[in-house]
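Engineer: Quick one: the structure is below, questions incoming.
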Amino acid sequence: MPDRLAYDEAMLFAAVRLKVTDPELKQGKVATLTTRTALGPVERPWGIEGGFAVVYKFMTRSGEARALRCFRVPIDADMRFRYERIGVFFRSHLPDITVDCSYYADCLVVKEQGVSPSRAYPVIAMEWVDGLTLLEMVDECCRRRNIQRLRRLVGQWEQLIVRLRQSGVAHGDLAGVNVMCRTDGHMLLVDYDGVYLPEFGPGAANLQRVLLGQSDYQHPQMTARPFNATMDDFSALVIYTALLALARQPELWEMYAKRDAQGKLLDTNLLFTRQDYLDPDHSRLWRSLAALNDERVSRALAALGHACQQPIEQVRFPWHLLDQPVAAPGPVPPVPAPTVEIDRAAATTLHTEERSPAVAPGVTTSSLSISVAAARPAQGYSMREWERQFAERVATFRQVCQREDDEEIAAAFEEISNFGHFDEGLFPPALLQRARLAQQRRSALARFRMALSTKRPLQMATAYDASLLNASHSVTQRERSLLVLAHAFQQASHEHDSQALLTAYQAIQDSPYQRAFRFSAQELELVEVARGYQAMRDEVLRGIATDDDARIRRAYRPELEQLFSACAFSAEQQQRIKGAMAAAEIEQALARRDYAGAVRRGWSLLPNQPGLLIRFKLQRAALRLVRQQDISDLKATISRRAETAYLTLTWRWPDSPLVRHAVIVWSYECWPPRLGNHVRQPGAEHFTWVQRPEGQLQGSCEIRLDPAAEAALYIQGYSALRDPWDERRRWFFADGCVPTSRCKST
């Protein structure tokens, strides 16, 4: 496609380069600006260059200003179909809220450097609108505290979206810069690249979905937005809520609008940003609007909050909030497409020796015989001359189909389509399918190349249509290399893999294509956060390897781990980190001699082990705890049943609920020796284990005695606490020093 300089040159010679029948345009001229340079004054066309097009200010023969939009991206049959109908529809149904526009196919001859011969490109001629964008108007009204004008903007916005609703139309990119407030006070929509009309509905000419929209006005699931009459509902509600709030309190604008040092607005949003939709509960703006205590604002804000949580295909504008009733859209009569009168009597047959039901990208046409499908020749052509030129185009089309250049195939097919009417049904299916595939690939390649021009890696990777372009020979090796780099960055971002993200970012920096990438502030911030996460992760792992709890605590940042789930710590590492974080609490409890608190916190780390040092301290705390928790009030009773003697014991458990076991030891001859500590089993000859019922303070058990033993019984009770941090599962025992923890029975 031509660059800005080529279009500038064509516009300066519009009298001979602009091939239109409208005398107002044909005899007009482009508005110019004079720039002073070292070589003297230079006259240049007055134009504004955007991502998709260059818009020139053009003065018609009668002195009326028009805007001529020249495209920087290829216009395929799909987009041409749309542009040919949008202007006609708007003139018939929505002239009060749209600007007059007309699509002219192949009407501006442009001479491009290195391209011969010159080619003609399409142009859209639009009404020139003097005024301010809605964004600029809001800025001016808020700075002047013009509440009355802001309220009128609310009413105008209501009327505009109601008109769209009743006509079954959606704009596709509602935003503060795509709405004009004319000097006469009228509000108009501009920029119609993403427009939906009723005749663009399902099945209409196999139209592809158009996905445009500025993120600060769009639902978080914008990439899944359906292409239908409701696709404006979310952005319409965003603008409506913002206008209501500013009409209530204009000072909000200065609180949230960002400006440069010269006072110029830096962003194009109206109060809300995409982050507000992703997390309304933590949005400062949301809290500010809720604090206005205004019923209309509150209702609109509630509806917007609900819309943020809905799937995008379910979002609908809350029409009941408006002051005026809104009728459902009725059937809108379609605007007929331009037609060419066909002379059926002169038609000849387009045929093949063999019709193929399918087509492969490398289809050959050596056996294909095509003759002209007749049409009434254009004015100035004889039928013979018209047939000759049409046949030449068919021959060219047949030749390029033998190659794998989708650009050439699509262009040659469109030459036939644009030259005159022909019946596609007479085309061989294989050939027609190959032409359609070429058009689809060309459109996909144009979208991909537009994304490449942004230099944004995520946009590059998202715009690439693998199903169409993987087999295309039109994608250059350089473009595929850029895609590989961009895709690696995108995949790492989506998978939340910090190491892969840093690797992908560094690969871009080290590649010969570094200058082909430009990262957004958010992407650069994500890279820096990934670096911070990797540094944190490495330091934590070193702390785990050296069993250094303090090092782990100093390094660990849980808020970073949530961002990179793909390279999160293993379950075992997470338990070790948890132990290190708990170690500080355990140390504090030990310093206060709160042994129960330390043991309780240590138990919460199970089943994984804490660090070696803290484990040793926990074992000491458990020993000190249980030594202070003797059982008491031990009483014994001996009874006989069926010649068998039974010892019944009762006692009081210690107050600490952490003590859940006791061991009773006895001897027939003397007091049993004191139990050794940190052993797997008591060292006594006679003993029994007792488990404490949950919440019980009174304990009891019954022991069957040796019938031959007639001597007195010496009985001692010990509280017991198992060491859960010991692999051998050993026990700590109380001292048994409380006098009532022992008794003698005869």
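Residue numbering restarts at 1 in every chain; chains get A, B, ... in the order shown in the structure tokens, and ligands count up from 1 in that same order.
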I want to know what sits within 12 Å of A:Glu112, based on only C-alpha atoms, with residues of the same chain fewer than 4 positions away left out; could you give that as a PyMOL selection string?

Structural biologist: chain A and resi 1-10+116-121

Engineer: May I have the selected residues written with all heavy atoms, as a compact mmCIF listing (two decimals), in the first residue's frame?

Structural biologist:
# COMPACT_ATOMS: atom_id res chain seq x y z
N MET A 1 0.84 -1.20 0.00
CA MET A 1 0.00 0.00 0.00
C MET A 1 0.87 1.25 0.00
O MET A 1 1.99 1.23 0.53
CB MET A 1 -0.91 -0.01 1.23
CG MET A 1 -1.94 -1.12 1.23
SD MET A 1 -3.13 -1.01 -0.12
CE MET A 1 -4.05 0.44 0.34
N PRO A 2 0.37 2.36 -0.57
CA PRO A 2 1.17 3.59 -0.65
C PRO A 2 1.49 4.15 0.73
O PRO A 2 0.73 3.97 1.69
CB PRO A 2 0.27 4.55 -1.43
CG PRO A 2 -0.72 3.69 -2.13
CD PRO A 2 -0.92 2.48 -1.27
N ASP A 3 2.63 4.86 0.83
CA ASP A 3 2.95 5.53 2.07
C ASP A 3 2.44 6.97 2.02
O ASP A 3 1.83 7.41 1.04
CB ASP A 3 4.46 5.50 2.33
CG ASP A 3 5.26 6.13 1.20
OD1 ASP A 3 4.69 6.88 0.39
OD2 ASP A 3 6.48 5.86 1.12
N ARG A 4 2.69 7.71 3.09
CA ARG A 4 2.15 9.07 3.19
C ARG A 4 2.67 9.97 2.06
O ARG A 4 1.90 10.75 1.48
CB ARG A 4 2.53 9.65 4.56
CG ARG A 4 2.23 11.14 4.74
CD ARG A 4 0.74 11.44 4.74
NE ARG A 4 0.45 12.85 4.82
CZ ARG A 4 0.36 13.54 5.96
NH1 ARG A 4 0.54 12.93 7.12
NH2 ARG A 4 0.07 14.83 5.96
N LEU A 5 3.94 9.87 1.73
CA LEU A 5 4.50 10.74 0.69
C LEU A 5 3.85 10.49 -0.66
O LEU A 5 3.60 11.43 -1.43
CB LEU A 5 6.01 10.54 0.61
CG LEU A 5 6.83 11.05 1.80
CD1 LEU A 5 8.30 10.71 1.61
CD2 LEU A 5 6.64 12.55 1.98
N ALA A 6 3.58 9.22 -0.97
CA ALA A 6 2.95 8.90 -2.25
C ALA A 6 1.53 9.46 -2.31
O ALA A 6 1.10 10.00 -3.34
CB ALA A 6 2.93 7.38 -2.45
N TYR A 7 0.80 9.36 -1.20
CA TYR A 7 -0.54 9.93 -1.16
C TYR A 7 -0.50 11.46 -1.24
O TYR A 7 -1.34 12.09 -1.89
CB TYR A 7 -1.27 9.49 0.11
CG TYR A 7 -2.02 8.18 -0.01
CD1 TYR A 7 -1.86 7.16 0.94
CD2 TYR A 7 -2.90 7.96 -1.06
CE1 TYR A 7 -2.56 5.97 0.83
CE2 TYR A 7 -3.60 6.77 -1.18
CZ TYR A 7 -3.42 5.78 -0.23
OH TYR A 7 -4.11 4.59 -0.35
N ASP A 8 0.47 12.08 -0.55
CA ASP A 8 0.61 13.54 -0.61
C ASP A 8 0.78 14.00 -2.06
O ASP A 8 0.14 14.96 -2.51
CB ASP A 8 1.81 13.99 0.22
CG ASP A 8 1.52 14.01 1.71
OD1 ASP A 8 0.36 13.72 2.09
OD2 ASP A 8 2.44 14.29 2.50
N GLU A 9 1.65 13.30 -2.79
CA GLU A 9 1.93 13.69 -4.17
C GLU A 9 0.68 13.53 -5.04
O GLU A 9 0.37 14.38 -5.89
CB GLU A 9 3.08 12.82 -4.71
CG GLU A 9 3.60 13.27 -6.07
CD GLU A 9 3.03 12.43 -7.20
OE1 GLU A 9 2.36 11.42 -6.92
OE2 GLU A 9 3.24 12.80 -8.36
N ALA A 10 -0.09 12.46 -4.80
CA ALA A 10 -1.31 12.24 -5.58
C ALA A 10 -2.34 13.32 -5.28
O ALA A 10 -3.04 13.80 -6.19
CB ALA A 10 -1.88 10.86 -5.27
N SER A 116 5.44 -0.27 -10.76
CA SER A 116 5.04 0.16 -12.10
C SER A 116 4.08 -0.89 -12.67
O SER A 116 4.31 -2.09 -12.53
CB SER A 116 6.27 0.31 -13.00
OG SER A 116 5.89 0.76 -14.29
N PRO A 117 2.98 -0.47 -13.30
CA PRO A 117 2.55 0.92 -13.49
C PRO A 117 1.87 1.47 -12.24
O PRO A 117 1.71 0.74 -11.25
CB PRO A 117 1.55 0.81 -14.65
CG PRO A 117 0.94 -0.55 -14.45
CD PRO A 117 2.06 -1.43 -13.96
N SER A 118 1.44 2.73 -12.30
CA SER A 118 0.73 3.33 -11.18
C SER A 118 -0.59 2.60 -10.97
O SER A 118 -1.20 2.08 -11.91
CB SER A 118 0.46 4.81 -11.46
OG SER A 118 1.67 5.50 -11.68
N ARG A 119 -1.06 2.59 -9.72
CA ARG A 119 -2.30 1.90 -9.40
C ARG A 119 -3.30 2.88 -8.81
O ARG A 119 -2.94 3.90 -8.23
CB ARG A 119 -2.05 0.77 -8.40
CG ARG A 119 -1.25 -0.39 -8.98
CD ARG A 119 -1.22 -1.56 -8.00
NE ARG A 119 -2.57 -2.03 -7.70
CZ ARG A 119 -2.83 -3.03 -6.86
NH1 ARG A 119 -1.84 -3.63 -6.21
NH2 ARG A 119 -4.07 -3.42 -6.63
N ALA A 120 -4.58 2.54 -8.97
CA ALA A 120 -5.65 3.35 -8.40
C ALA A 120 -6.11 2.71 -7.09
O ALA A 120 -6.26 1.48 -7.01
CB ALA A 120 -6.82 3.46 -9.37
N TYR A 121 -6.34 3.55 -6.08
CA TYR A 121 -6.73 3.06 -4.76
C TYR A 121 -8.06 3.69 -4.33
O TYR A 121 -8.42 4.77 -4.80
CB TYR A 121 -5.64 3.39 -3.74
CG TYR A 121 -4.39 2.59 -3.94
CD1 TYR A 121 -3.34 3.09 -4.71
CD2 TYR A 121 -4.26 1.33 -3.38
CE1 TYR A 121 -2.19 2.34 -4.92
CE2 TYR A 121 -3.11 0.57 -3.58
CZ TYR A 121 -2.08 1.08 -4.35
OH TYR A 121 -0.95 0.34 -4.54

Engineer: Can you tell me, as JSON, numbers by chain, what residues are no more than 12 Å from A:Gln440 when counting only C-alpha atoms, ignoring any on the same chain fewer than 2 positions away?

Structural biologist: {"A": [74, 75, 76, 77, 78, 79, 206, 207, 208, 406, 407, 409, 410, 411, 433, 434, 435, 436, 437, 438, 442, 443, 444, 445, 446, 447, 465, 467, 468, 469, 472]}

Engineer: I want to know what sits within 12 Å of A:Arg730, based on only C-alpha atoms, with residues of the same chain fewer than 4 positions away left out; could you give that as a VMD selection string?

Structural biologist: chain A and resid 619 622 to 623 676 to 682 720 to 726

Engineer: Need the shell around stretch 527-532 of chain A: protein/DNA/RNA residues with any atom at most 8 Å away, counting only C-alpha atoms. Skip same-chain ones fewer than 2 positions apart. Format as a ChimeraX atom specification?

Structural biologist: /A:498-499,501-502,505,523-525,534-536,560,564

Engineer: I'd like the neighbourhood of A:Val88 as an mmCIF file with all heavy atoms, in the first residue's frame, where a residue qualifies if any of its atoms comes within 9 Å (using only C-alpha atoms), though same-chain residues fewer than 2 positions away should be ignored.

Structural biologist:
data_model
loop_
_atom_site.group_PDB
_atom_site.id
_atom_site.type_symbol
_atom_site.label_atom_id
_atom_site.label_comp_id
_atom_site.auth_asym_id
_atom_site.auth_seq_id
_atom_site.Cartn_x
_atom_site.Cartn_y
_atom_site.Cartn_z
ATOM 1 N N GLU A 84 -19.396 0.299 0.770
ATOM 2 C CA GLU A 84 -20.351 0.675 -0.269
ATOM 3 C C GLU A 84 -21.756 0.852 0.287
ATOM 4 O O GLU A 84 -22.580 1.551 -0.301
ATOM 5 C CB GLU A 84 -20.358 -0.380 -1.375
ATOM 6 C CG GLU A 84 -19.127 -0.334 -2.273
ATOM 7 C CD GLU A 84 -19.135 -1.456 -3.296
ATOM 8 O OE1 GLU A 84 -19.867 -2.453 -3.068
ATOM 9 O OE2 GLU A 84 -18.417 -1.350 -4.298
ATOM 10 N N ARG A 85 -22.049 0.242 1.419
ATOM 11 C CA ARG A 85 -23.403 0.263 1.961
ATOM 12 C C ARG A 85 -23.581 1.190 3.156
ATOM 13 O O ARG A 85 -24.690 1.661 3.419
ATOM 14 C CB ARG A 85 -23.812 -1.170 2.344
ATOM 15 C CG ARG A 85 -24.123 -2.005 1.114
ATOM 16 C CD ARG A 85 -23.908 -3.482 1.334
ATOM 17 N NE ARG A 85 -24.276 -4.231 0.128
ATOM 18 C CZ ARG A 85 -23.501 -4.319 -0.962
ATOM 19 N NH1 ARG A 85 -22.329 -3.717 -0.981
ATOM 20 N NH2 ARG A 85 -23.898 -4.989 -2.016
ATOM 21 N N ILE A 86 -22.493 1.442 3.878
ATOM 22 C CA ILE A 86 -22.617 2.244 5.102
ATOM 23 C C ILE A 86 -23.127 3.647 4.798
ATOM 24 O O ILE A 86 -24.079 4.133 5.423
ATOM 25 C CB ILE A 86 -21.267 2.295 5.842
ATOM 26 C CG1 ILE A 86 -20.967 0.931 6.474
ATOM 27 C CG2 ILE A 86 -21.274 3.375 6.918
ATOM 28 C CD1 ILE A 86 -19.569 0.814 7.050
ATOM 29 N N PHE A 90 -26.688 5.225 6.055
ATOM 30 C CA PHE A 90 -26.736 6.358 6.973
ATOM 31 C C PHE A 90 -27.523 7.528 6.378
ATOM 32 O O PHE A 90 -28.268 8.211 7.084
ATOM 33 C CB PHE A 90 -25.319 6.803 7.328
ATOM 34 C CG PHE A 90 -24.639 5.906 8.337
ATOM 35 C CD1 PHE A 90 -23.279 6.060 8.621
ATOM 36 C CD2 PHE A 90 -25.332 4.916 8.995
ATOM 37 C CE1 PHE A 90 -22.652 5.244 9.544
ATOM 38 C CE2 PHE A 90 -24.710 4.088 9.917
ATOM 39 C CZ PHE A 90 -23.371 4.252 10.181
ATOM 40 N N ARG A 91 -27.362 7.767 5.089
ATOM 41 C CA ARG A 91 -28.127 8.853 4.472
ATOM 42 C C ARG A 91 -29.624 8.574 4.528
ATOM 43 O O ARG A 91 -30.429 9.506 4.663
ATOM 44 C CB ARG A 91 -27.681 9.044 3.017
ATOM 45 C CG ARG A 91 -26.394 9.825 2.866
ATOM 46 C CD ARG A 91 -26.155 10.244 1.421
ATOM 47 N NE ARG A 91 -25.924 9.110 0.538
ATOM 48 C CZ ARG A 91 -24.736 8.562 0.343
ATOM 49 N NH1 ARG A 91 -23.669 9.032 0.979
ATOM 50 N NH2 ARG A 91 -24.586 7.546 -0.482
ATOM 51 N N SER A 92 -30.011 7.314 4.470
ATOM 52 C CA SER A 92 -31.427 6.958 4.459
ATOM 53 C C SER A 92 -32.039 6.885 5.848
ATOM 54 O O SER A 92 -33.214 7.186 6.024
ATOM 55 C CB SER A 92 -31.619 5.596 3.759
ATOM 56 O OG SER A 92 -31.141 5.637 2.436
ATOM 57 N N HIS A 93 -31.256 6.471 6.849
ATOM 58 C CA HIS A 93 -31.834 6.144 8.151
ATOM 59 C C HIS A 93 -31.281 6.953 9.323
ATOM 60 O O HIS A 93 -32.000 7.158 10.305
ATOM 61 C CB HIS A 93 -31.628 4.649 8.446
ATOM 62 C CG HIS A 93 -32.223 3.744 7.417
ATOM 63 N ND1 HIS A 93 -33.582 3.581 7.263
ATOM 64 C CD2 HIS A 93 -31.637 2.972 6.468
ATOM 65 C CE1 HIS A 93 -33.813 2.730 6.273
ATOM 66 N NE2 HIS A 93 -32.651 2.341 5.778
ATOM 67 N N ASP A 100 -22.182 12.513 6.264
ATOM 68 C CA ASP A 100 -22.364 11.993 4.915
ATOM 69 C C ASP A 100 -21.042 11.426 4.393
ATOM 70 O O ASP A 100 -19.985 12.053 4.538
ATOM 71 C CB ASP A 100 -22.847 13.112 3.989
ATOM 72 C CG ASP A 100 -23.126 12.594 2.594
ATOM 73 O OD1 ASP A 100 -24.019 11.751 2.446
ATOM 74 O OD2 ASP A 100 -22.419 13.032 1.664
ATOM 75 N N CYS A 101 -21.075 10.238 3.834
ATOM 76 C CA CYS A 101 -19.849 9.630 3.322
ATOM 77 C C CYS A 101 -20.169 8.786 2.095
ATOM 78 O O CYS A 101 -21.256 8.226 1.980
ATOM 79 C CB CYS A 101 -19.155 8.781 4.389
ATOM 80 S SG CYS A 101 -20.125 7.398 4.995
ATOM 81 N N SER A 102 -19.206 8.726 1.183
ATOM 82 C CA SER A 102 -19.361 7.941 -0.045
ATOM 83 C C SER A 102 -18.061 7.195 -0.307
ATOM 84 O O SER A 102 -16.965 7.744 -0.145
ATOM 85 C CB SER A 102 -19.690 8.846 -1.228
ATOM 86 O OG SER A 102 -20.903 9.544 -1.022
ATOM 87 N N VAL A 335 -30.727 -1.451 2.104
ATOM 88 C CA VAL A 335 -30.386 -0.551 1.014
ATOM 89 C C VAL A 335 -29.803 -1.390 -0.110
ATOM 90 O O VAL A 335 -28.835 -2.131 0.104
ATOM 91 C CB VAL A 335 -29.365 0.501 1.474
ATOM 92 C CG1 VAL A 335 -28.974 1.396 0.310
ATOM 93 C CG2 VAL A 335 -29.944 1.306 2.616
ATOM 94 N N PRO A 336 -30.355 -1.351 -1.285
ATOM 95 C CA PRO A 336 -29.841 -2.214 -2.366
ATOM 96 C C PRO A 336 -28.423 -1.857 -2.742
ATOM 97 O O PRO A 336 -28.042 -0.690 -2.736
ATOM 98 C CB PRO A 336 -30.812 -1.932 -3.524
ATOM 99 C CG PRO A 336 -31.393 -0.581 -3.217
ATOM 100 C CD PRO A 336 -31.458 -0.495 -1.712
#

Engineer: Considering only helix (DSSP H, G or I) as DSSP defines it on the backbone, what residues of stretch 98-343 of chain A qualify? List them as a ChimeraX atom specification.

Structural biologist: /A:134-143,147-167,198-200,215-217,222-224,233-248,251-256,274-278,280-282,284-290,295-309,312-314,319-321

Engineer: Report the distance between atom CA of A:Met137 and atom CA of A:Asp193 in Å, rounded to one decimal place.

Structural biologist: 23.3 Å

Engineer: I'd like the contact shell of stretch 485-496 of chain A - 8 Å cut-off, only C-alpha atoms, skipping same-chain residues fewer than 3 positions apart - returned as a list in words.

Structural biologist: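 Selected residues are Pro457, Leu458, Met460, Ala461, Ser481, Leu482, Ala500, Leu501, Ala504, Tyr505, Ala507, Ile508, Leu563, Phe564, Ser565, Ala566 and Cys567 of chain A.
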
Engineer: Find the residues near A:Leu188: any atom within 8 Å, counting only C-alpha atoms, skip ones fewer than 5 places away on the same chain, and give them as a PyMOL selection string.

Structural biologist: chain A and resi 96-99+179-182

Engineer: Just write the chosen residues, all heavy atoms, as a PDB file, in the first residue's frame.

Structural biologist:
ATOM      1  N   ASP A  96     -29.107  12.310  10.945  1.00  0.00           N
ATOM      2  CA  ASP A  96     -28.998  13.295  12.020  1.00  0.00           C
ATOM      3  C   ASP A  96     -27.848  13.019  12.973  1.00  0.00           C
ATOM      4  O   ASP A  96     -27.419  13.910  13.704  1.00  0.00           O
ATOM      5  CB  ASP A  96     -30.305  13.354  12.807  1.00  0.00           C
ATOM      6  CG  ASP A  96     -30.762  11.973  13.270  1.00  0.00           C
ATOM      7  OD1 ASP A  96     -30.490  10.981  12.560  1.00  0.00           O
ATOM      8  OD2 ASP A  96     -31.395  11.884  14.339  1.00  0.00           O
ATOM      9  N   ILE A  97     -27.318  11.790  13.012  1.00  0.00           N
ATOM     10  CA  ILE A  97     -26.240  11.480  13.961  1.00  0.00           C
ATOM     11  C   ILE A  97     -24.994  10.944  13.260  1.00  0.00           C
ATOM     12  O   ILE A  97     -24.063  10.481  13.919  1.00  0.00           O
ATOM     13  CB  ILE A  97     -26.699  10.472  15.038  1.00  0.00           C
ATOM     14  CG1 ILE A  97     -27.107   9.140  14.402  1.00  0.00           C
ATOM     15  CG2 ILE A  97     -27.808  11.042  15.894  1.00  0.00           C
ATOM     16  CD1 ILE A  97     -27.343   8.032  15.417  1.00  0.00           C
ATOM     17  N   THR A  98     -24.970  10.982  11.929  1.00  0.00           N
ATOM     18  CA  THR A  98     -23.798  10.514  11.186  1.00  0.00           C
ATOM     19  C   THR A  98     -23.386  11.577  10.172  1.00  0.00           C
ATOM     20  O   THR A  98     -24.150  12.499   9.872  1.00  0.00           O
ATOM     21  CB  THR A  98     -24.082   9.191  10.447  1.00  0.00           C
ATOM     22  OG1 THR A  98     -25.156   9.393   9.524  1.00  0.00           O
ATOM     23  CG2 THR A  98     -24.454   8.087  11.424  1.00  0.00           C
ATOM     24  N   VAL A  99     -22.187  11.449   9.650  1.00  0.00           N
ATOM     25  CA  VAL A  99     -21.726  12.357   8.609  1.00  0.00           C
ATOM     26  C   VAL A  99     -21.925  11.689   7.258  1.00  0.00           C
ATOM     27  O   VAL A  99     -21.851  10.464   7.132  1.00  0.00           O
ATOM     28  CB  VAL A  99     -20.238  12.738   8.809  1.00  0.00           C
ATOM     29  CG1 VAL A  99     -20.048  13.463  10.114  1.00  0.00           C
ATOM     30  CG2 VAL A  99     -19.347  11.512   8.745  1.00  0.00           C
ATOM     31  N   VAL A 179     -16.809  10.558  18.723  1.00  0.00           N
ATOM     32  CA  VAL A 179     -18.062  11.310  18.777  1.00  0.00           C
ATOM     33  C   VAL A 179     -17.703  12.783  18.650  1.00  0.00           C
ATOM     34  O   VAL A 179     -16.844  13.287  19.386  1.00  0.00           O
ATOM     35  CB  VAL A 179     -18.823  11.059  20.095  1.00  0.00           C
ATOM     36  CG1 VAL A 179     -20.141  11.821  20.104  1.00  0.00           C
ATOM     37  CG2 VAL A 179     -19.062   9.567  20.297  1.00  0.00           C
ATOM     38  N   MET A 180     -18.341  13.473  17.700  1.00  0.00           N
ATOM     39  CA  MET A 180     -18.076  14.895  17.474  1.00  0.00           C
ATOM     40  C   MET A 180     -19.232  15.736  17.994  1.00  0.00           C
ATOM     41  O   MET A 180     -20.400  15.376  17.826  1.00  0.00           O
ATOM     42  CB  MET A 180     -17.876  15.175  15.983  1.00  0.00           C
ATOM     43  CG  MET A 180     -16.657  14.529  15.368  1.00  0.00           C
ATOM     44  SD  MET A 180     -15.092  15.152  16.030  1.00  0.00           S
ATOM     45  CE  MET A 180     -15.195  16.886  15.552  1.00  0.00           C
ATOM     46  N   CYS A 181     -18.886  16.852  18.628  1.00  0.00           N
ATOM     47  CA  CYS A 181     -19.874  17.850  19.041  1.00  0.00           C
ATOM     48  C   CYS A 181     -19.692  19.055  18.115  1.00  0.00           C
ATOM     49  O   CYS A 181     -18.721  19.814  18.267  1.00  0.00           O
ATOM     50  CB  CYS A 181     -19.675  18.239  20.504  1.00  0.00           C
ATOM     51  SG  CYS A 181     -19.881  16.873  21.659  1.00  0.00           S
ATOM     52  N   ARG A 182     -20.570  19.179  17.150  1.00  0.00           N
ATOM     53  CA  ARG A 182     -20.424  20.232  16.160  1.00  0.00           C
ATOM     54  C   ARG A 182     -20.635  21.601  16.790  1.00  0.00           C
ATOM     55  O   ARG A 182     -21.199  21.735  17.875  1.00  0.00           O
ATOM     56  CB  ARG A 182     -21.425  20.032  15.015  1.00  0.00           C
ATOM     57  CG  ARG A 182     -21.096  18.864  14.149  1.00  0.00           C
ATOM     58  CD  ARG A 182     -21.771  18.883  12.802  1.00  0.00           C
ATOM     59  NE  ARG A 182     -23.105  19.486  12.767  1.00  0.00           N
ATOM     60  CZ  ARG A 182     -23.949  19.329  11.741  1.00  0.00           C
ATOM     61  NH1 ARG A 182     -23.581  18.583  10.713  1.00  0.00           N
ATOM     62  NH2 ARG A 182     -25.125  19.893  11.752  1.00  0.00           N
TER      63      ARG A 182
END
